[in-house]
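S.K.: Just one file: model_36.txt, with compact mmCIF, C-alpha atoms and all ligand atoms.
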```txt
# COMPACT_ATOMS: atom_id res chain seq x y z
CA MET S 1 90.32 54.53 -58.82
CA THR S 2 92.12 51.57 -60.38
CA PRO S 3 92.10 51.89 -64.16
CA PRO S 4 91.32 48.76 -66.12
CA ALA S 5 94.29 47.18 -67.90
CA ALA S 6 92.93 48.43 -71.21
CA ALA S 7 91.07 51.67 -70.50
CA PRO S 8 87.86 51.74 -72.55
CA ALA S 9 87.90 54.04 -75.55
CA PRO S 10 85.13 56.52 -74.62
CA GLY S 11 83.94 57.08 -78.20
CA ALA S 12 83.49 53.38 -78.91
CA LEU S 13 81.90 52.80 -75.51
CA ALA S 14 79.42 55.67 -75.95
CA ALA S 15 78.51 54.44 -79.44
CA ALA S 16 77.97 50.88 -78.16
CA ILE S 17 75.68 52.10 -75.37
CA VAL S 18 73.63 54.22 -77.81
CA ALA S 19 73.32 51.34 -80.28
CA HIS S 20 72.18 49.01 -77.50
CA TYR S 21 69.64 51.56 -76.28
CA ARG S 22 68.16 51.95 -79.76
CA ARG S 23 67.77 48.20 -80.01
CA VAL S 24 66.17 47.45 -76.67
CA ARG S 25 64.64 50.67 -75.38
CA ARG S 26 61.24 50.44 -73.78
CA GLU S 27 58.49 52.45 -75.41
CA LEU S 28 57.42 54.84 -72.66
CA PRO S 29 54.92 57.67 -73.11
CA TRP S 30 57.40 60.45 -72.28
CA ARG S 31 59.80 59.08 -74.87
CA ALA S 32 57.32 60.00 -77.59
CA THR S 33 57.70 63.74 -76.94
CA ARG S 34 60.39 66.42 -76.97
CA ASP S 35 58.30 68.74 -74.79
CA PRO S 36 60.73 69.83 -72.04
CA TYR S 37 57.92 70.23 -69.50
CA ALA S 38 56.66 66.68 -70.12
CA ILE S 39 60.21 65.33 -69.81
CA TRP S 40 60.75 67.36 -66.64
CA VAL S 41 57.64 65.85 -65.06
CA SER S 42 58.68 62.32 -66.04
CA GLU S 43 62.20 62.75 -64.67
CA VAL S 44 60.95 64.04 -61.33
CA MET S 45 58.41 61.23 -61.01
CA LEU S 46 61.00 58.60 -61.93
CA GLN S 47 63.28 59.59 -59.06
CA GLN S 48 62.81 56.86 -56.42
CA THR S 49 59.85 55.32 -58.28
CA ARG S 50 59.43 52.42 -60.66
CA VAL S 51 58.63 53.04 -64.32
CA ALA S 52 55.48 50.89 -64.20
CA THR S 53 54.17 52.94 -61.28
CA VAL S 54 54.98 56.25 -62.94
CA ILE S 55 53.25 55.65 -66.30
CA PRO S 56 49.61 56.13 -65.15
CA TYR S 57 50.59 58.99 -62.85
CA TRP S 58 52.41 60.78 -65.66
CA GLU S 59 49.50 60.31 -68.05
CA ARG S 60 46.97 61.62 -65.54
CA TRP S 61 49.28 64.49 -64.62
CA MET S 62 49.76 65.57 -68.24
CA ALA S 63 46.01 65.48 -68.81
CA ARG S 64 45.37 67.55 -65.70
CA PHE S 65 48.36 69.95 -65.91
CA PRO S 66 49.28 69.90 -69.62
CA ASP S 67 51.82 72.73 -69.42
CA VAL S 68 53.84 74.87 -67.05
CA ARG S 69 51.15 77.52 -66.76
CA ALA S 70 48.45 75.00 -65.85
CA LEU S 71 50.64 73.53 -63.14
CA ALA S 72 51.68 76.94 -61.83
CA ALA S 73 48.04 78.08 -61.58
CA ALA S 74 46.87 74.98 -59.68
CA PRO S 75 46.45 75.11 -55.88
CA LEU S 76 49.09 73.10 -54.01
CA ASP S 77 46.31 70.89 -52.61
CA ASP S 78 45.39 69.79 -56.16
CA VAL S 79 49.02 69.17 -57.05
CA LEU S 80 49.60 67.02 -53.97
CA ALA S 81 46.35 65.15 -54.58
CA ALA S 82 47.52 64.32 -58.12
CA TRP S 83 50.75 63.05 -56.58
CA ALA S 84 49.02 61.01 -53.87
CA GLY S 85 50.48 57.50 -53.72
CA LEU S 86 53.82 58.35 -55.38
CA GLY S 87 55.47 59.31 -52.09
CA TYR S 88 58.33 61.78 -51.53
CA TYR S 89 55.94 64.70 -51.82
CA SER S 90 58.76 67.22 -51.74
CA ARG S 91 59.19 66.35 -55.42
CA ALA S 92 55.66 67.57 -56.17
CA ARG S 93 56.11 70.72 -54.10
CA ASN S 94 59.39 71.50 -55.87
CA LEU S 95 57.84 70.85 -59.28
CA HIS S 96 55.00 73.20 -58.42
CA ARG S 97 57.36 75.88 -57.11
CA GLY S 98 59.57 75.54 -60.17
CA ALA S 99 56.57 75.84 -62.51
CA GLN S 100 55.45 79.00 -60.73
CA ARG S 101 58.89 80.53 -61.19
CA VAL S 102 58.95 79.60 -64.90
CA ALA S 103 55.41 80.94 -65.36
CA GLU S 104 56.44 84.25 -63.81
CA GLY S 105 59.08 84.48 -66.51
CA GLY S 106 56.61 83.84 -69.34
CA GLY S 107 56.07 80.07 -69.16
CA ALA S 108 58.93 78.77 -71.32
CA LEU S 109 61.56 76.58 -69.71
CA PRO S 110 65.17 77.78 -70.18
CA GLY S 111 66.73 76.41 -73.37
CA ASP S 112 69.91 74.87 -71.96
CA ALA S 113 71.18 72.94 -68.95
CA ALA S 114 72.79 75.96 -67.31
CA GLY S 115 69.54 77.93 -67.47
CA LEU S 116 67.50 74.97 -66.28
CA ARG S 117 69.65 74.61 -63.16
CA ALA S 118 68.53 78.08 -62.10
CA VAL S 119 64.90 76.90 -61.83
CA PRO S 120 63.98 75.97 -58.24
CA GLY S 121 63.88 72.19 -57.87
CA ILE S 122 65.87 71.43 -61.03
CA GLY S 123 69.27 70.02 -60.11
CA PRO S 124 72.19 68.95 -62.32
CA TYR S 125 70.68 65.54 -63.05
CA THR S 126 67.25 66.83 -64.12
CA ALA S 127 68.81 69.67 -66.09
CA GLY S 128 71.02 67.18 -67.94
CA ALA S 129 68.06 64.95 -68.71
CA ILE S 130 65.83 67.74 -70.03
CA ALA S 131 68.59 69.45 -72.01
CA SER S 132 69.92 66.29 -73.65
CA ILE S 133 66.55 64.71 -74.44
CA ALA S 134 64.48 67.78 -75.34
CA TYR S 135 67.18 70.04 -76.80
CA GLY S 136 69.85 67.58 -77.97
CA GLU S 137 72.46 69.35 -75.84
CA ARG S 138 75.62 67.44 -74.93
CA ALA S 139 74.79 67.66 -71.25
CA PRO S 140 75.87 64.66 -69.13
CA LEU S 141 73.98 63.32 -66.15
CA VAL S 142 74.53 60.98 -63.23
CA ASP S 143 71.78 59.32 -61.23
CA GLY S 144 71.89 56.14 -59.14
CA ASN S 145 71.70 53.84 -62.15
CA VAL S 146 74.33 55.73 -64.13
CA ALA S 147 76.61 55.88 -61.08
CA ARG S 148 76.50 52.09 -60.76
CA VAL S 149 77.25 51.53 -64.45
CA LEU S 150 80.15 53.99 -64.56
CA ALA S 151 81.61 52.84 -61.23
CA ARG S 152 81.75 49.27 -62.53
CA ILE S 153 83.05 50.03 -66.00
CA PHE S 154 85.78 52.41 -64.79
CA ALA S 155 86.40 50.76 -61.37
CA VAL S 156 85.59 53.88 -59.38
CA GLU S 157 86.55 52.92 -55.82
CA HIS S 158 85.25 56.05 -54.08
CA ASP S 159 81.96 56.01 -52.23
CA VAL S 160 79.61 57.01 -55.06
CA LYS S 161 77.73 59.39 -52.78
CA SER S 162 80.80 61.20 -51.50
CA SER S 163 81.78 64.49 -53.09
CA ILE S 164 84.92 63.02 -54.65
CA GLY S 165 82.93 60.04 -55.90
CA GLN S 166 80.31 62.32 -57.44
CA ARG S 167 82.96 64.53 -59.01
CA THR S 168 84.67 61.51 -60.55
CA LEU S 169 81.42 60.10 -61.92
CA TRP S 170 80.34 63.41 -63.45
CA GLN S 171 83.75 63.72 -65.10
CA LEU S 172 83.41 60.25 -66.57
CA ALA S 173 79.88 60.97 -67.79
CA GLY S 174 81.18 64.18 -69.36
CA THR S 175 84.04 62.33 -71.04
CA LEU S 176 81.61 59.85 -72.59
CA MET S 177 79.34 62.65 -73.75
CA ASP S 178 82.22 64.60 -75.29
CA ALA S 179 83.34 61.47 -77.15
CA LEU S 180 79.88 60.65 -78.49
CA PRO S 181 79.95 60.37 -82.31
CA ARG S 182 78.52 63.48 -83.93
CA ASP S 183 75.60 61.66 -85.52
CA ALA S 184 74.39 60.19 -82.21
CA ALA S 185 71.79 61.87 -80.00
CA PRO S 186 73.01 63.02 -76.56
CA GLY S 187 69.64 62.07 -75.08
CA ASP S 188 70.11 58.52 -76.32
CA LEU S 189 73.46 58.23 -74.52
CA ASN S 190 71.97 59.45 -71.24
CA GLN S 191 68.91 57.29 -71.57
CA GLY S 192 71.08 54.38 -72.68
CA LEU S 193 73.18 54.64 -69.52
CA MET S 194 70.07 54.85 -67.35
CA GLU S 195 68.41 51.97 -69.19
CA LEU S 196 71.55 49.88 -68.81
CA GLY S 197 71.56 50.48 -65.07
CA ALA S 198 67.84 49.76 -64.74
CA THR S 199 67.66 46.58 -66.82
CA VAL S 200 71.14 45.05 -67.29
CA CYS S 201 73.66 46.41 -64.79
CA THR S 202 71.38 45.84 -61.83
CA PRO S 203 72.57 46.12 -58.22
CA ARG S 204 72.63 42.35 -57.76
CA ALA S 205 73.51 39.77 -60.42
CA PRO S 206 74.09 42.11 -63.38
CA ALA S 207 73.54 40.48 -66.77
CA CYS S 208 77.09 41.01 -68.05
CA ILE S 209 76.67 38.52 -70.87
CA GLY S 210 75.08 40.56 -73.58
CA CYS S 211 75.97 43.91 -71.98
CA PRO S 212 77.29 46.35 -74.62
CA ALA S 213 79.97 47.52 -72.17
CA ALA S 214 81.23 44.05 -71.19
CA SER S 215 84.47 44.21 -73.18
CA ALA S 216 85.36 47.53 -71.57
CA CYS S 217 84.18 46.85 -68.04
CA ALA S 218 86.72 46.52 -65.22
CA ALA S 219 84.26 45.04 -62.72
CA HIS S 220 83.24 42.33 -65.17
CA ARG S 221 86.83 41.56 -66.12
CA ASP S 222 87.98 41.37 -62.49
CA ASP S 223 84.83 39.62 -61.21
CA ARG S 224 84.12 42.53 -58.87
CA THR S 225 80.50 43.31 -59.67
CA ASP S 226 79.61 42.50 -56.05
CA ALA S 227 82.21 44.96 -54.75
CA LEU S 228 81.33 47.90 -56.98
CA PRO S 229 79.95 50.47 -56.63
CA THR S 230 81.18 51.43 -53.18
CA MET S 231 78.18 52.59 -51.16
CA PRO S 232 78.12 54.54 -47.88
CA ALA S 233 77.47 52.46 -44.77
CA ARG S 234 73.77 52.46 -43.88
CA ARG S 235 72.75 53.59 -40.44
CA ARG S 236 70.89 50.93 -38.56
CA ALA S 237 67.24 51.66 -37.85
CA ASP S 238 67.86 51.81 -34.11
CA GLU S 239 70.55 54.46 -34.66
CA LEU S 240 68.15 56.89 -36.30
CA PRO S 241 66.63 59.72 -34.27
CA VAL S 242 62.96 59.23 -33.43
CA LEU S 243 60.28 61.86 -33.92
CA ALA S 244 57.50 60.87 -31.49
CA GLN S 245 53.99 62.23 -32.03
CA ILE S 246 50.53 61.78 -30.57
CA ALA S 247 47.77 62.00 -33.18
CA LEU S 248 44.06 62.45 -32.55
CA TRP S 249 41.53 60.40 -34.49
CA VAL S 250 38.28 62.36 -34.64
CA ALA S 251 35.69 60.70 -36.87
CA ARG S 252 32.22 61.80 -37.96
CA GLY S 253 30.40 59.19 -39.98
CA ASP S 254 32.53 58.56 -43.05
CA GLU S 255 34.61 61.69 -42.43
CA VAL S 256 37.73 62.32 -40.42
CA LEU S 257 39.13 65.58 -39.06
CA LEU S 258 42.48 66.35 -40.71
CA ALA S 259 45.02 69.15 -40.37
CA ARG S 260 47.23 70.34 -43.22
CA ARG S 261 50.98 70.83 -42.71
CA ARG S 262 52.43 74.13 -43.79
CA PRO S 263 54.12 73.85 -47.21
CA ASP S 264 57.71 73.66 -46.01
CA GLY S 265 59.25 70.92 -43.91
CA LEU S 266 58.45 67.27 -43.29
CA TYR S 267 55.13 66.25 -44.88
CA GLY S 268 54.69 69.86 -46.09
CA GLY S 269 51.26 70.57 -47.63
CA LEU S 270 49.90 67.14 -46.70
CA TRP S 271 46.84 66.35 -44.61
CA GLU S 272 47.15 64.21 -41.47
CA LEU S 273 45.52 63.50 -38.15
CA PRO S 274 46.12 66.54 -35.92
CA ALA S 275 49.23 65.70 -33.95
CA GLY S 276 51.72 67.07 -31.47
CA ALA S 277 54.67 66.02 -29.35
CA THR S 278 52.35 65.68 -26.33
CA LEU S 279 48.64 65.09 -25.89
CA ALA S 280 48.19 68.74 -24.94
CA ALA S 281 50.00 69.83 -28.09
CA ALA S 282 47.87 67.51 -30.21
CA ARG S 283 44.72 69.02 -28.69
CA ARG S 284 46.05 72.50 -29.39
CA ALA S 285 46.49 71.49 -33.03
CA LEU S 286 42.72 71.27 -33.27
CA GLY S 287 42.35 74.94 -32.48
CA ALA S 288 40.01 76.59 -30.03
CA GLY S 289 36.91 75.88 -32.08
CA ALA S 290 37.19 72.11 -31.93
CA ALA S 291 38.70 71.27 -28.56
CA ALA S 292 38.92 67.48 -28.27
CA THR S 293 38.15 65.08 -25.49
CA PRO S 294 40.75 62.36 -25.92
CA GLY S 295 40.02 58.75 -25.18
CA GLU S 296 42.23 55.71 -25.01
CA PRO S 297 45.40 55.14 -27.09
CA LEU S 298 44.63 52.72 -29.91
CA PHE S 299 47.89 51.73 -31.56
CA THR S 300 51.29 52.96 -32.60
CA GLU S 301 52.31 53.44 -36.20
CA GLU S 302 55.96 53.77 -37.17
CA GLN S 303 57.59 54.91 -40.36
CA GLN S 304 61.27 54.75 -41.15
CA LEU S 305 62.51 57.56 -43.34
CA THR S 306 66.03 57.97 -44.66
CA HIS S 307 67.29 60.03 -41.76
CA ARG S 308 64.82 59.41 -38.97
CA ARG S 309 62.02 57.31 -37.63
CA VAL S 310 58.58 58.73 -37.01
CA ARG S 311 56.47 57.11 -34.29
CA VAL S 312 52.82 58.07 -33.95
CA ASP S 313 50.61 57.03 -31.03
CA VAL S 314 47.02 57.22 -32.28
CA VAL S 315 44.40 58.29 -29.77
CA ALA S 316 40.65 58.32 -30.35
CA ALA S 317 39.06 61.66 -29.53
CA ARG S 318 35.71 63.41 -29.77
CA VAL S 319 34.74 66.97 -30.46
CA ALA S 320 31.46 68.61 -29.59
CA ALA S 321 28.79 67.81 -32.16
CA ARG S 322 28.41 71.47 -33.09
CA ALA S 323 32.11 72.32 -32.95
CA ARG S 324 32.99 75.10 -35.32
CA LEU S 325 36.35 74.70 -37.01
CA VAL S 326 38.66 77.66 -36.83
CA ALA S 327 42.35 78.05 -37.62
CA PRO S 328 44.42 75.25 -36.08
CA GLY S 329 46.25 76.11 -32.90
CA ASP S 330 49.58 74.68 -34.00
CA PRO S 331 51.78 76.95 -36.16
CA GLY S 332 52.93 73.85 -38.04
CA TYR S 333 49.48 73.59 -39.62
CA ASP S 334 47.66 76.02 -41.88
CA ALA S 335 44.21 74.40 -42.26
CA LEU S 336 41.80 72.12 -40.47
CA ALA S 337 38.89 70.39 -42.22
CA TRP S 338 36.65 67.34 -42.39
CA HIS S 339 37.53 65.00 -45.25
CA ARG S 340 36.03 61.77 -46.43
CA THR S 341 38.26 58.99 -45.15
CA ALA S 342 37.88 57.25 -48.50
CA ASP S 343 39.48 60.27 -50.24
CA ALA S 344 42.43 60.19 -47.87
CA VAL S 345 43.19 56.51 -48.33
CA GLY S 346 41.95 56.32 -51.92
CA GLY S 347 44.49 58.67 -53.47
CA THR S 348 42.41 61.78 -54.15
CA LEU S 349 43.72 63.78 -51.20
CA GLY S 350 47.38 64.55 -50.49
CA VAL S 351 48.33 62.46 -47.45
CA SER S 352 51.62 60.81 -46.58
CA SER S 353 52.00 57.03 -46.73
CA LEU S 354 52.19 57.15 -42.93
CA THR S 355 48.80 58.85 -42.64
CA ALA S 356 47.30 56.52 -45.24
CA ALA S 357 48.55 53.51 -43.24
CA ILE S 358 47.07 54.94 -40.04
CA LEU S 359 43.69 55.57 -41.67
CA ARG S 360 43.62 52.13 -43.25
CA ARG S 361 44.28 50.64 -39.85
CA LEU S 362 41.64 52.79 -38.21
CA THR S 363 39.03 51.72 -40.72
CA ASP S 364 39.90 48.03 -40.62
CA GLU S 365 36.69 46.40 -39.51
CA ASN S 366 38.63 43.56 -37.87
CA ALA S 367 40.64 45.88 -35.64
CA PRO S 368 39.86 45.73 -31.92
CA TRP S 369 39.01 49.42 -31.80
CA SER S 370 36.46 49.18 -34.58
CA SER S 371 33.90 48.94 -31.78
CA THR S 372 35.10 52.26 -30.36
CA PRO S 373 32.04 54.53 -30.12
CA ARG S 374 32.13 57.25 -32.73
CA PRO S 375 30.82 60.78 -32.21
CA SER S 376 28.28 60.01 -34.89
CA PRO S 377 26.94 56.54 -35.57
CA SER S 378 26.06 57.32 -39.17
CA SER S 379 27.61 55.41 -42.07
CA PRO S 380 30.13 53.34 -40.14
CA ARG S 381 30.25 50.68 -42.82
CA ALA S 382 31.05 53.20 -45.50
CA THR S 383 34.06 54.21 -43.48
CA ARG S 384 35.20 50.64 -43.11
CA ARG S 385 34.75 49.78 -46.75
CA SER S 386 36.99 52.66 -47.72
CA SER S 387 40.00 50.86 -46.31
CA THR S 388 40.13 48.55 -49.30
CA ALA S 389 40.43 51.31 -51.86
CA SER S 390 43.99 52.43 -51.26
CA PRO S 391 46.67 52.24 -53.91
CA ARG S 392 50.13 50.88 -53.26
CA SER S 393 52.50 53.57 -52.27
CA ALA S 394 55.79 53.80 -54.08
CA THR S 395 57.92 55.27 -51.34
CA THR S 396 60.98 53.60 -49.90
CA SER S 397 59.84 54.28 -46.39
CA THR S 398 58.51 51.48 -44.22
CA THR S 399 55.50 51.66 -41.96
CA THR S 400 54.60 49.24 -39.23
CA THR S 401 51.66 49.05 -36.89
CA SER S 402 51.50 47.70 -33.38
CA ALA S 403 48.23 47.48 -31.54
CA ARG S 404 47.93 48.35 -27.89
CA PRO S 405 47.50 45.05 -26.07
CA ARG S 406 45.28 46.30 -23.32
CA ARG S 407 41.99 46.11 -25.23
CA ALA S 408 40.03 42.94 -25.84
CA ARG S 409 40.54 41.67 -29.37
CA ARG S 410 37.99 40.25 -31.73
CA ARG S 411 40.45 38.54 -34.01
CA GLY S 412 44.15 38.75 -34.78
CA SER S 413 44.79 42.38 -34.02
CA THR S 414 48.28 43.22 -35.16
CA SER S 415 49.26 43.91 -38.70
CA SER S 416 52.07 45.49 -40.55
CA SER S 417 52.15 47.25 -43.84
CA THR S 418 55.29 47.66 -45.83
CA THR S 419 55.60 50.02 -48.75
CA THR S 420 57.86 48.98 -51.56
CA ALA S 421 60.91 50.47 -53.22
CA ARG S 422 61.30 50.63 -57.01
S1 LIG Z 501 79.62 44.28 -67.98
FE1 LIG Z 501 78.36 43.78 -66.22
S2 LIG Z 501 79.14 45.06 -64.57
FE2 LIG Z 501 79.94 45.88 -66.48
S3 LIG Z 501 78.50 47.47 -67.07
FE3 LIG Z 501 77.85 45.61 -68.09
S4 LIG Z 501 76.37 44.65 -66.70
FE4 LIG Z 501 77.50 46.21 -65.55
```
Now that the file is in, can you turn its structure into structure tokens?

M.R.:
Amino acid sequence: MTPPAAAPAPGALAAAIVAHYRRVRRELPWRATRDPYAIWVSEVMLQQTRVATVIPYWERWMARFPDVRALAAAPLDDVLAAWAGLGYYSRARNLHRGAQRVAEGGGALPGDAAGLRAVPGIGPYTAGAIASIAYGERAPLVDGNVARVLARIFAVEHDVKSSIGQRTLWQLAGTLMDALPRDAAPGDLNQGLMELGATVCTPRAPACIGCPAASACAAHRDDRTDALPTMPARRRADELPVLAQIALWVARGDEVLLARRRPDGLYGGLWELPAGATLAAARRALGAGAAATPGEPLFTEEQQLTHRRVRVDVVAARVAARARLVAPGDPGYDALAWHRTADAVGGTLGVSSLTAAILRRLTDENAPWSSTPRPSPSSPRATRRSSTASPRSATTSTTTTSARPRRARRRGSTSSSTTTAR
């Protein structure tokens, strides 16, 4: 780390950031409360997701699960359904698990950052946010926005995601917090740093003119805002391991047969087309009661996650009209059921953005396979109309669709859907 020629005085810097925050802060619903549970929910939702996207989700969530006990008592299916469209469902599962642990202990969240860190799913960042905002504790925090701000002001040269980079940033955040004037609120410093990173010290073209930290900032002084922070090299998409799956599309009127992933692991607790590494494994996923007769492959859907790519070949299949559903035959699933396709793509059922993209594609009336005979001819138009009801997902993953070329096409038959980052 190269110190700036005149190292910023932490007390003055912290005071300037707090004063700026009080002047320009956005009025957000979770900023009108000191309820630690409400702040916890907001902080978890805000990870990886834009503020504008989070607001309606947070409001609906607080109406549906107004306190820790209500959340703890809710079935995981309901929790994931309330989260549908926000992406990164592990956040919802962890929130639910954490609420259950807190409820077991009486329902009150621990009263300081150290106690909060002992709750499953609450890490140092979330603990710092809850403790400083709800309790006024001098607990620092570092998230992506704060890391960028501190790395630029103090010229932190380390990779901000490395352990030494993280250690350095947390020390700097702690130094600022310790130096905060006694009459200033610790929550305002933390929120001020986050707000600065979100609205002024942005990744590209930061608005240094007018920034409260400009006179103390090494990156601004040395014209190095493009060089800082130092980020780890990204792996190219073609370097990522591929998880290849075959998924069975079994439709019945406006319903589709879905299997639910067990709670832990990738897509845990979410509903999806029954799938497996091979066609035989995908058929096994349906269980003995609903053995499928697979038809022709329809298209391939891909999703790029942070550490891998998932590629799903979608195959149309039929089950006997009177098939009785029993437990799925794949240990990765814990339930099998018919669901309205509109619920799956419309945000009232917990499905991944990948599954939502697949179902939207399947129900696109312009797709070449829309003429594929269904096991039941009833209500086909209702199924197709449902494809327009899906919300935008907020995940950073990317999904793409490629149609199989071998079938005759009615119109342009390839499409791609891209979900957006915050
Ligand atoms: S002066 Fe510029 S680079 Fe430095 S903290 Fe402010 S916005 Fe970021």

S.K.: As an exercise, work out the distance from CA of Thr300 in chain S to CA of Val312 in chain S in Å and give it to one decimal place.

M.R.: 5.5 Å

S.K.: Would you give me, as CSV, each residue of chain S having an atom within 9 Å of an atom of ligand LIG 501 (chain Z), along with its shortest atom pair and that distance in Å to one decimal, using all atoms listed in the file and sorting by chain and residue number?

M.R.:
```
residue,atom,partner,partner_atom,distance
S:Arg148,CA,Z:LIG501,FE4,7.6
S:Val149,CA,Z:LIG501,S3,5.0
S:Leu150,CA,Z:LIG501,S3,7.2
S:Ala151,CA,Z:LIG501,S3,8.5
S:Arg152,CA,Z:LIG501,S2,5.4
S:Ile153,CA,Z:LIG501,FE2,5.2
S:Phe154,CA,Z:LIG501,FE2,8.9
S:Leu196,CA,Z:LIG501,S4,7.4
S:Gly197,CA,Z:LIG501,FE4,7.3
S:Thr199,CA,Z:LIG501,S4,8.9
S:Val200,CA,Z:LIG501,S4,5.3
S:Cys201,CA,Z:LIG501,S4,3.8
S:Thr202,CA,Z:LIG501,S4,7.1
S:Pro203,CA,Z:LIG501,FE4,8.8
S:Ala205,CA,Z:LIG501,S4,8.5
S:Pro206,CA,Z:LIG501,S4,4.8
S:Ala207,CA,Z:LIG501,S4,5.0
S:Cys208,CA,Z:LIG501,FE1,3.6
S:Ile209,CA,Z:LIG501,S1,7.1
S:Gly210,CA,Z:LIG501,FE3,8.0
S:Cys211,CA,Z:LIG501,FE3,4.6
S:Pro212,CA,Z:LIG501,FE3,6.6
S:Ala213,CA,Z:LIG501,FE3,5.0
S:Ala214,CA,Z:LIG501,S1,3.6
S:Ser215,CA,Z:LIG501,S1,7.1
S:Ala216,CA,Z:LIG501,S1,7.5
S:Cys217,CA,Z:LIG501,FE2,4.6
S:Ala218,CA,Z:LIG501,FE2,6.9
S:Ala219,CA,Z:LIG501,S2,5.4
S:His220,CA,Z:LIG501,S2,5.0
S:Arg221,CA,Z:LIG501,S1,7.9
S:Asp223,CA,Z:LIG501,S2,8.6
S:Arg224,CA,Z:LIG501,S2,8.0
S:Thr225,CA,Z:LIG501,S2,5.4
S:Asp226,CA,Z:LIG501,S2,8.9
S:Leu228,CA,Z:LIG501,S2,8.4
```

S.K.: Please build the interface table for range 64-151 of chain S against range 165-170 of chain S with a cut-off of 7 Å, listing for each qualifying residue the nearest atom pair and the distance in Å to one decimal; count all atoms listed in the file, order rows by chain and increasing number, and write it as a tab-separated table.

M.R.:
```
residue	atom	partner	partner_atom	distance
S:Leu141	CA	S:Trp170	CA	6.9
S:Val142	CA	S:Trp170	CA	6.3
S:Ala147	CA	S:Leu169	CA	6.5
S:Leu150	CA	S:Leu169	CA	6.8
```

S.K.: Please identify all polymer residues within 6 Å of range 351-362 of chain S, counting only C-alpha atoms, omitting same-chain residues fewer than 6 positions from it, and present them as a tab-separated table (two decimals) with C-alpha atoms, keeping the file's coordinate frame.

M.R.:
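Result file is part16.tsv:
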```tsv
chain	number	residue	atom	x	y	z
S	270	LEU	CA	49.90	67.14	-46.70
S	271	TRP	CA	46.84	66.35	-44.61
S	272	GLU	CA	47.15	64.21	-41.47
S	345	VAL	CA	43.19	56.51	-48.33
S	387	SER	CA	40.00	50.86	-46.31
```

S.K.: My list of candidates is S:Glu43, S:Met177, S:Arg322, S:Leu243. Which is closest to Asp143 in chain S when distances are computed with all atoms listed in the file?

M.R.: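 Smallest separation from Asp143 in chain S among the options: S:Glu43.
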
S.K.: For the atom pair CA of Asp78 in chain S and CA of Arg64 in chain S, what is the interatomic distance in Å to one decimal place?

M.R.: 9.8 Å

S.K.: CA of Ile17 in chain S to CA of Trp58 in chain S: how many Å, to one decimal?

M.R.: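 Between these atoms lies a distance of 26.7 Å.
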
S.K.: Which residues are near Leu336 in chain S? Cut-off 7 Å, only C-alpha atoms, ignore same chain within fewer than 5 positions. Put them as a ChimeraX atom specification.

M.R.: /S:258-260,325,327-328

S.K.: Quick one: write out the picked residues with C-alpha atoms as an mmCIF file, in the frame of the given file?

M.R.:
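Output file out.cif is given in full below:
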```cif
data_model
loop_
_atom_site.group_PDB
_atom_site.id
_atom_site.type_symbol
_atom_site.label_atom_id
_atom_site.label_comp_id
_atom_site.auth_asym_id
_atom_site.auth_seq_id
_atom_site.Cartn_x
_atom_site.Cartn_y
_atom_site.Cartn_z
ATOM 1 C CA LEU S 258 42.480 66.350 -40.710
ATOM 2 C CA ALA S 259 45.020 69.150 -40.370
ATOM 3 C CA ARG S 260 47.230 70.340 -43.220
ATOM 4 C CA LEU S 325 36.350 74.700 -37.010
ATOM 5 C CA ALA S 327 42.350 78.050 -37.620
ATOM 6 C CA PRO S 328 44.420 75.250 -36.080
#
```

S.K.: Hey, which of S:Leu279, S:Leu95, S:Ile130, S:Leu305 ends up closest to Trp83 in chain S? Count all atoms listed in the file.

M.R.: S:Leu95

S.K.: Residues near Arg261 in chain S, anyone? I mean within 12 Å using all atoms listed in the file, not counting same-chain ones fewer than 4 positions away, as a PDB file with C-alpha atoms, in the frame of the given file.

M.R.:
```pdb
ATOM      1  CA  LEU S  76      49.090  73.100 -54.010  1.00  0.00           C
ATOM      2  CA  ASP S  77      46.310  70.890 -52.610  1.00  0.00           C
ATOM      3  CA  LEU S  80      49.600  67.020 -53.970  1.00  0.00           C
ATOM      4  CA  GLY S 265      59.250  70.920 -43.910  1.00  0.00           C
ATOM      5  CA  LEU S 266      58.450  67.270 -43.290  1.00  0.00           C
ATOM      6  CA  TYR S 267      55.130  66.250 -44.880  1.00  0.00           C
ATOM      7  CA  GLY S 268      54.690  69.860 -46.090  1.00  0.00           C
ATOM      8  CA  GLY S 269      51.260  70.570 -47.630  1.00  0.00           C
ATOM      9  CA  LEU S 270      49.900  67.140 -46.700  1.00  0.00           C
ATOM     10  CA  TRP S 271      46.840  66.350 -44.610  1.00  0.00           C
ATOM     11  CA  GLU S 272      47.150  64.210 -41.470  1.00  0.00           C
ATOM     12  CA  LEU S 273      45.520  63.500 -38.150  1.00  0.00           C
ATOM     13  CA  PRO S 274      46.120  66.540 -35.920  1.00  0.00           C
ATOM     14  CA  ALA S 275      49.230  65.700 -33.950  1.00  0.00           C
ATOM     15  CA  GLY S 276      51.720  67.070 -31.470  1.00  0.00           C
ATOM     16  CA  ALA S 285      46.490  71.490 -33.030  1.00  0.00           C
ATOM     17  CA  PRO S 328      44.420  75.250 -36.080  1.00  0.00           C
ATOM     18  CA  ASP S 330      49.580  74.680 -34.000  1.00  0.00           C
ATOM     19  CA  PRO S 331      51.780  76.950 -36.160  1.00  0.00           C
ATOM     20  CA  GLY S 332      52.930  73.850 -38.040  1.00  0.00           C
ATOM     21  CA  TYR S 333      49.480  73.590 -39.620  1.00  0.00           C
ATOM     22  CA  ASP S 334      47.660  76.020 -41.880  1.00  0.00           C
ATOM     23  CA  ALA S 335      44.210  74.400 -42.260  1.00  0.00           C
ATOM     24  CA  LEU S 336      41.800  72.120 -40.470  1.00  0.00           C
ATOM     25  CA  GLY S 350      47.380  64.550 -50.490  1.00  0.00           C
ATOM     26  CA  VAL S 351      48.330  62.460 -47.450  1.00  0.00           C
ATOM     27  CA  SER S 352      51.620  60.810 -46.580  1.00  0.00           C
TER      28      SER S 352
END
```
